[in-house]
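Asker: Supplied in structure tokens, the structure appears directly below.
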Amino acid sequence: MKKFLFITFLALSQFIAAQNKGTLKGLLTDKETNNESLPFANVQIKGTTIGTTTDFDGNYILKVSAGNHIVVFSFLGYKTVEKSFSIKEGEIVTVNQLMSAEEGVSLDEIIVKSSSSKEKATALILAQKKSVSIKTTIGAQELSIKGVSDAEGAVTKTAGVSKGSKNVIVRGLGDRYNSTTLNGLPLPSEDPEYKNISLDFFDTSVIKNIGVNKVFTSEIYGDVGGANIDIVSKELIKKSLLNVGVSAGANTQTVSKEFLTINGTNRFGTQKAGIPVNDLTKYSFNNSWKPESQDFQLNNSLSFAAGKKYDINENTFSFFVVGGFDGSYNYVDGNIKQTTSSGDVYQDQDFKKYDYNVSQILMANLKYKFAEGHNIAYNHLFIHNNKQSVGDYLGFNNPEQDGDLEFQRRQQTNNNELYVNQFIANYKFSDRLNFEAKGSLNFIRGNEPDRRTNKYLFRDNFYSPQTSSAGENERYFSKLEENDYAAKGKFSYKLNKDEEDISVLEFGGDYRYTERLFSATIFNHDFSSRVAIDINNPDAVFNQSSIDNNIFELETGRGSASNTAAFVPFTYRGKRQVFAAFGNLVYQLGDNLIASVGGRFEKIQQRVTYNTNIAQSSLDGASNLDRTYVLPSFNVKYNFNENSIFRIAGSQSYTFPQFKETAPFKYQDVSFSSQGNPNLKPSDNYNFDAKYEYYMSSSELITLTGFYKYIQNPIARSEIPSGGNTLTYLNVGKDASVYGLEIEARKSVYKIEDKDLEIMAGLNTSILVSNVNLDKNSVAQFTNTTSNLEGATPFLMNADISINKKINDNTFISSIVFNYFSERVYSVGTRGFENVLEKGIPTLDLVSSYDFNKNFSVKLKATNLLNPDFQLARAGFNGGDNVVLRNYKKGVNLSLGFSYNF
């Protein structure tokens with residue numbers, strides 16, 4: 001009883017004492033890093049034992065007795081600051097402070113700790129917590145732990161995002177429904193087949209963090225339905241930096257194979273791109289038809305980063321440069337099939353494919369900070385990506401006679417260069433009014449030089465080119481040039497002087513102009529009679545002597561030498577112009593309730609003219625689209641308490657047809673061809689999200705999101721009833737819908753602080769339902785009246801567990817990462833064919849690193865450890881078994897890397 005009375009008295013006295021106190025809170029920022037937050041700084045009430053440290057966002061909070069006090073702010077290497085304040089019982093007093101460095105003190109390691117927060121998972125989780133809108137961000141720290149090598153791998157670690165055949169699929173919506181930006185400015189695509197630039201171009205060495213915004217807001221361009229993916233590039237953190245890294249690795253099924261490479265290419269990805277023929281009676285091609293070979297394939301990479309910061313009076317200037325080289329080999333073998341609508345197999349071929357991918361990257365950041373809150377920056381990014389592939393296919397393909405076999409070899413190089421130039425300025429007129437201006441000049445240069453395709457018929461015990469089928473033996477040259485210009489201006493005005501009130505009015509405008517010119521010249525070989533050929537020495541037939549002896553005639557896609565227009569390339573030219581104005585009001589309705597309402601006015605004009613192998617705009621009419629949109633959006637955030645948050649969001653956006661989708665140019669692939677449709681209409685998208693978030697700590701959370709999307713006039717790639725398995729782009733129906741749930745969790749499952757040991761686990765998963773009401777009157781002649789959306793993944797899961805152990809000055813990190821997506825629709829069935837399905841795939845990766853003090857580190861990666869079968873299958877006919885149309889394995893990738901900080 002005495003113990004109970006004592007405890008009660010003690011608790012009561014503490015309660016009474018608490019009533020005599022007020023709350024001191026504030027934010028510490030770092031002058032050395034453009035006023036970013038300063039975590040881990042010391043905050044002390046002078047003459048007392050009352051104190052704390054700032055969190056990852058630079059915030060602090062203390063309970064202080066009523067009266068007059070002095071608060072002391074300190075941090076190693078920074079000037080200590082003392083400030084007087086008075087506080088009353090129950091009062092909340094805010095004291096913010098800008099910290100600056102002591103003269104002559106090196107801040108290298110200090111600045112790393114204070115300014116790298118926007119790369120750390122903990123800081124990004126706190127930023128997500130404070131944000132008004134719904135957004136997921138993954139930072140450089142998490143990418144490193146999970147062994148992610150590029151931006152594509154990064155975004156597929158977030159809920160509802162999976163890898164598609166090209167780029168990513170977000171909530172069942174593929175490339176055309178998404179958008180990509182760099183530092184908030186739009187990026188063009190390097191590939192005419194796609195809207196977005198390939199995310200695997202962006203190596204993690206240039207990434208600070210990546211934001212995935214699945215809810216449209218007024219500041220984002222309106223042509224987005226799935227997500228806007230914003231890559232924020234790195235900039236200098238330390239006072240100075242010099243780092244080099246190397247790695248080597250191999251694929252288990254590739255390293256010791258006899259590996260075929262294309263004549264005329266090299267390991268650096270440089271080659272001649274011009275057309276060497278200007279007379280169809282002269283066979284003057286530079287490169288051989290015969291591939292070269294090698295017998296040892298070692299993947300390798302080299303990277304460096306360097307930078308320095310200079311003090312100029314009260315201002316600072318910094319430069320930061322990152323560069324790298326990467327080369328990787330991959331060999332796969334498998335089988336491809338095709339069936340009739342009744343399920344009979346008419347194509348059955350085994351294949352071997354040899355891929356070599358080489359890339360170089362160079363990024364530079366120049367930044368000048370002057371006065372408080374003012375800065376100007378220039379970002380340059382150059383990416384060269386070269387993909388070389390040789391594919392051999394052997395088996396029967398719709399044989400005319402029993403025993404007929406077909407051998408096909410396709411040698412292809414895709415060479416792409418991206419030049420990005422960005423200018424970003426920020427000017428702070430006052431504590432409440434800020435102006436941001438951005439502009440970009442982007443250039444894409446893409447070439448597919450001297451693609452070589454051969455098809456030979458094996459009959460009567462010898463191979464020969466097919467007669468009267470000139471297009472089956474082809475040399476193809478294409479060139480893409482695209483210039484993209486964008487500008488953006490935004491004012492932000494804080495509505496209330498109270499720093500706790502985040503009410504703000506934002507308004508501004510955007511302008512973007514894009515112009516693309518695509519041209520292609522195709523050389524065909526027309527054989528009049530069967531000629532025996534050695535498939536390993538085709539140059540014995542494809543030469544000048546064969547032209548002279550009338551064995552074949554060389555012609556272009558426009559005709560033979562007698563045609564004066566034979567060398568006129570197939571072309572299409574696209575022009576797009578976007579004018580936009582936007583506004584957004586964030587208003588704090590109470591301590592726990594914040595609402596955001598925005599609107600975007602956008603006028604978009606697009607014209608595509610063409611003179612191609614199937615149509616001419618001068619005869620058939622150009623593709624003209626001119627639309628004006630008013631796009632509303634809203635976000636509501638309610639805090640049940642500091643760690644429990646509920647959000648809802650809604651918006652309207654649109655999806656515009658891309659240049660390639662409206663240009664009727666026929667592109668031939670191994671087993672299909674594709675062409676654009678000038679009659680495409682834009683889609684209208686309506687989006688709604690509801691999300692609950694619970695934060696267990698600064699690094700732990702659990703979230704639950706429900707979403708719904710409604711799409712009018714959805715666009716999809718579909719087959720059309722013609723020979724050659726032709727694909728085109730159609731408004732496949734009146735409407736489509738996608739809805740589902742996403743769960744994300746991050747938790748520390750085991751921690752021993754005195755031994756510097758922690759085990760973290762992460763999980764995100766999504767369940768999705770999609771439906772498209774197919775147009776029964778469509779030229780595609782859909783087999784069914786409804787279908788799941790192309791690429792929509794009914795179940796998706798990403799999970800990881802990581803161990804972090806510090807040993808004196810050394811750090812060991814090891815992570816296991818697991819991903820799985822369930823079976824999904826690859827293409828919608830037409831003309832009696834059922835849907836083609838992509839098999840669900842599990843992947844397992846292991847990444848371990850060891851940092852020896854501040855300078856030397858080593859990393860070991862093992863990816864695709866489960867080595868699953870990658871399969872495409874046609875859904876069973878009349879309820880029968882699925883027919884596997886494509887099947888192969890990718891092999892396990894192993895690599896060992898080293899890096900050194902000087």
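We name chains A, B, ... following the order of the structure tokens; residues begin at 1 in each chain, and ligands are numbered from 1 as shown.
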Could you go through region 146-303 of chain A and tell me which residues DSSP, when run on the backbone, assigns to alpha helix (DSSP H), listing them as number ranges by chain?
Answerer: A: 151-155
Asker: Limited to N, CA and C atoms, could you put the picked residues into a file as an mmCIF file, in the first residue's frame?
Answerer:
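And here's out_2.cif as it stands now:
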data_model
loop_
_atom_site.group_PDB
_atom_site.id
_atom_site.type_symbol
_atom_site.label_atom_id
_atom_site.label_comp_id
_atom_site.auth_asym_id
_atom_site.auth_seq_id
_atom_site.Cartn_x
_atom_site.Cartn_y
_atom_site.Cartn_z
ATOM 1 N N ALA A 151 17.279 2.849 -62.287
ATOM 2 C CA ALA A 151 15.997 3.422 -61.892
ATOM 3 C C ALA A 151 14.843 2.455 -62.090
ATOM 4 N N GLU A 152 14.926 1.617 -63.127
ATOM 5 C CA GLU A 152 13.853 0.653 -63.351
ATOM 6 C C GLU A 152 13.749 -0.319 -62.187
ATOM 7 N N GLY A 153 14.889 -0.829 -61.741
ATOM 8 C CA GLY A 153 14.881 -1.728 -60.596
ATOM 9 C C GLY A 153 14.389 -1.044 -59.339
ATOM 10 N N ALA A 154 14.641 0.269 -59.230
ATOM 11 C CA ALA A 154 14.221 1.008 -58.037
ATOM 12 C C ALA A 154 12.708 1.083 -57.924
ATOM 13 N N VAL A 155 12.042 1.497 -58.997
ATOM 14 C CA VAL A 155 10.597 1.708 -58.898
ATOM 15 C C VAL A 155 9.837 0.396 -58.788
#
Asker: From a DSSP calculation on the backbone, collect every residue of region 301-469 of chain A in strand (DSSP E) and output the set as a PyMOL selection string.
Answerer: chain A and resi 301-312+315-339+345-370+374-397+405-428+433-459+462-465
Asker: Excluding Val212 (chain A) and any residue of its chain fewer than 5 positions from it, enumerate the residues within 7 Å of it, using only C-alpha atoms, and give them as a PyMOL selection string.
Answerer: chain A and resi 135-137+227-230
Asker: With N, CA and C atoms kept, could you save the residues just selected as a PDB file, in the first residue's frame?
Answerer:
ATOM      1  N   LYS A 135       2.523  10.186 -52.091  1.00  0.00           N
ATOM      2  CA  LYS A 135       3.696   9.957 -52.918  1.00  0.00           C
ATOM      3  C   LYS A 135       4.638   9.001 -52.206  1.00  0.00           C
ATOM      4  N   THR A 136       5.293   8.117 -52.988  1.00  0.00           N
ATOM      5  CA  THR A 136       6.286   7.199 -52.451  1.00  0.00           C
ATOM      6  C   THR A 136       7.647   7.563 -53.024  1.00  0.00           C
ATOM      7  N   THR A 137       8.645   7.625 -52.157  1.00  0.00           N
ATOM      8  CA  THR A 137       9.992   7.970 -52.598  1.00  0.00           C
ATOM      9  C   THR A 137      10.974   6.925 -52.083  1.00  0.00           C
ATOM     10  N   ALA A 227       1.440   6.646 -63.287  1.00  0.00           N
ATOM     11  CA  ALA A 227       2.298   7.335 -62.323  1.00  0.00           C
ATOM     12  C   ALA A 227       3.255   8.261 -63.040  1.00  0.00           C
ATOM     13  N   ASN A 228       3.621   9.329 -62.346  1.00  0.00           N
ATOM     14  CA  ASN A 228       4.746  10.158 -62.757  1.00  0.00           C
ATOM     15  C   ASN A 228       5.960   9.700 -61.959  1.00  0.00           C
ATOM     16  N   ILE A 229       7.019   9.341 -62.660  1.00  0.00           N
ATOM     17  CA  ILE A 229       8.255   8.878 -62.024  1.00  0.00           C
ATOM     18  C   ILE A 229       9.283   9.984 -62.153  1.00  0.00           C
ATOM     19  N   ASP A 230       9.652  10.580 -61.028  1.00  0.00           N
ATOM     20  CA  ASP A 230      10.578  11.714 -61.029  1.00  0.00           C
ATOM     21  C   ASP A 230      11.909  11.279 -60.449  1.00  0.00           C
TER      22      ASP A 230
END
Asker: Rounded to one decimal, what separation in Å do you get between CA of Lys734 (chain A) and CA of Asn713 (chain A)?
Answerer: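 About the pair CA of Lys734 (chain A) and CA of Asn713 (chain A): they are 5.1 Å apart.
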Asker: What does the distance between CA of Thr556 (chain A) and CA of Gln544 (chain A) come to in Å, to one decimal place?
Answerer: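 Distance reported for this atom pair: 16.3 Å.
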Asker: State, in Å with one decimal place, the distance from CA of Gly90 (chain A) to CA of Leu24 (chain A).
Answerer: 10.4 Å
Asker: Between A:Lys839, A:Arg874, A:Lys666, A:Arg647, which is the closest to Lys129 (chain A) once you count only C-alpha atoms?
Answerer: A:Arg647
Asker: I need the residue nearest Gly621 (chain A) from this list: A:Thr662, A:Ser233, A:Thr52, A:Asn416. Use only C-alpha atoms for the distance.
Answerer: A:Thr662
Asker: Near Ile594 (chain A), counting only C-alpha atoms, which residues have an atom at most 10 Å away, once you skip same-chain residues fewer than 2 positions from it, shown as a VMD selection string?
Answerer: chain A and resid 132 501 to 503 586 to 592 596 635 to 639 647
Asker: If we count only C-alpha atoms and set the cut-off at 6 Å, which residues sit around Gly446 (chain A), ignoring sequence neighbours fewer than 4 positions away in its own chain? Please answer as a PyMOL selection string.
Answerer: chain A and resi 415-416+479-480
Asker: How would the residues just chosen look if you wrote them out with N, CA and C atoms as a PDB file, in the first residue's frame?
Answerer:
ATOM      1  N   ASN A 415      21.440   1.813 -81.107  1.00  0.00           N
ATOM      2  CA  ASN A 415      22.396   2.762 -80.551  1.00  0.00           C
ATOM      3  C   ASN A 415      21.670   4.057 -80.212  1.00  0.00           C
ATOM      4  N   ASN A 416      21.647   4.414 -78.932  1.00  0.00           N
ATOM      5  CA  ASN A 416      20.880   5.574 -78.487  1.00  0.00           C
ATOM      6  C   ASN A 416      21.754   6.504 -77.660  1.00  0.00           C
ATOM      7  N   LYS A 479      17.032   6.040 -88.457  1.00  0.00           N
ATOM      8  CA  LYS A 479      17.610   7.147 -87.675  1.00  0.00           C
ATOM      9  C   LYS A 479      16.468   7.922 -87.033  1.00  0.00           C
ATOM     10  N   LEU A 480      16.653   8.225 -85.766  1.00  0.00           N
ATOM     11  CA  LEU A 480      15.673   9.019 -85.028  1.00  0.00           C
ATOM     12  C   LEU A 480      16.374  10.242 -84.452  1.00  0.00           C
TER      13      LEU A 480
END
Asker: Sorted by chain and rising residue number, which residues of region 163-207 of chain A lie within 12 Å of region 744-768 of chain A, and what are their closest atom pairs and distances in Å to one decimal, counting only C-alpha atoms, as JSON lines?
Answerer:
{"residue": "A:Val170", "atom": "CA", "partner": "A:Ser766", "partner_atom": "CA", "distance": 10.8}
{"residue": "A:Arg171", "atom": "CA", "partner": "A:Leu768", "partner_atom": "CA", "distance": 7.3}
{"residue": "A:Gly172", "atom": "CA", "partner": "A:Leu768", "partner_atom": "CA", "distance": 7.9}
{"residue": "A:Leu173", "atom": "CA", "partner": "A:Leu768", "partner_atom": "CA", "distance": 11.4}
Asker: Let me make sure I understand: among A:Asp175, A:Ile645, A:Lys163, A:Ser303, which one has the smallest atom-to-atom distance to Tyr695 (chain A) if we use only C-alpha atoms?
Answerer: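 Once distances to Tyr695 (chain A) are computed over only C-alpha atoms, the minimum belongs to A:Ile645.
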Asker: Got a sec: who's within 12 Å of Asn549 (chain A), counting only C-alpha atoms, leaving out chain neighbours fewer than 5 positions off, as a PDB file with C-alpha atoms, in the first residue's frame?
Answerer:
ATOM      1  CA  THR A 281      23.780  -2.338-108.762  1.00  0.00           C
ATOM      2  CA  PHE A 527      16.080 -14.182-105.452  1.00  0.00           C
ATOM      3  CA  SER A 528      14.537 -15.535-108.645  1.00  0.00           C
ATOM      4  CA  VAL A 541      26.135 -15.575-101.846  1.00  0.00           C
ATOM      5  CA  PHE A 542      25.435 -12.019-100.667  1.00  0.00           C
ATOM      6  CA  ASN A 543      28.036 -10.222-102.738  1.00  0.00           C
ATOM      7  CA  GLN A 544      28.672  -8.252-105.929  1.00  0.00           C
TER       8      GLN A 544
END
Asker: Using only C-alpha atoms, which residue out of A:Asp845, A:Asp348, A:Asp191, A:Glu417 lies closest to Asn893 (chain A)?
Answerer: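 Among the listed residues, the smallest separation from Asn893 (chain A) belongs to A:Asp845.
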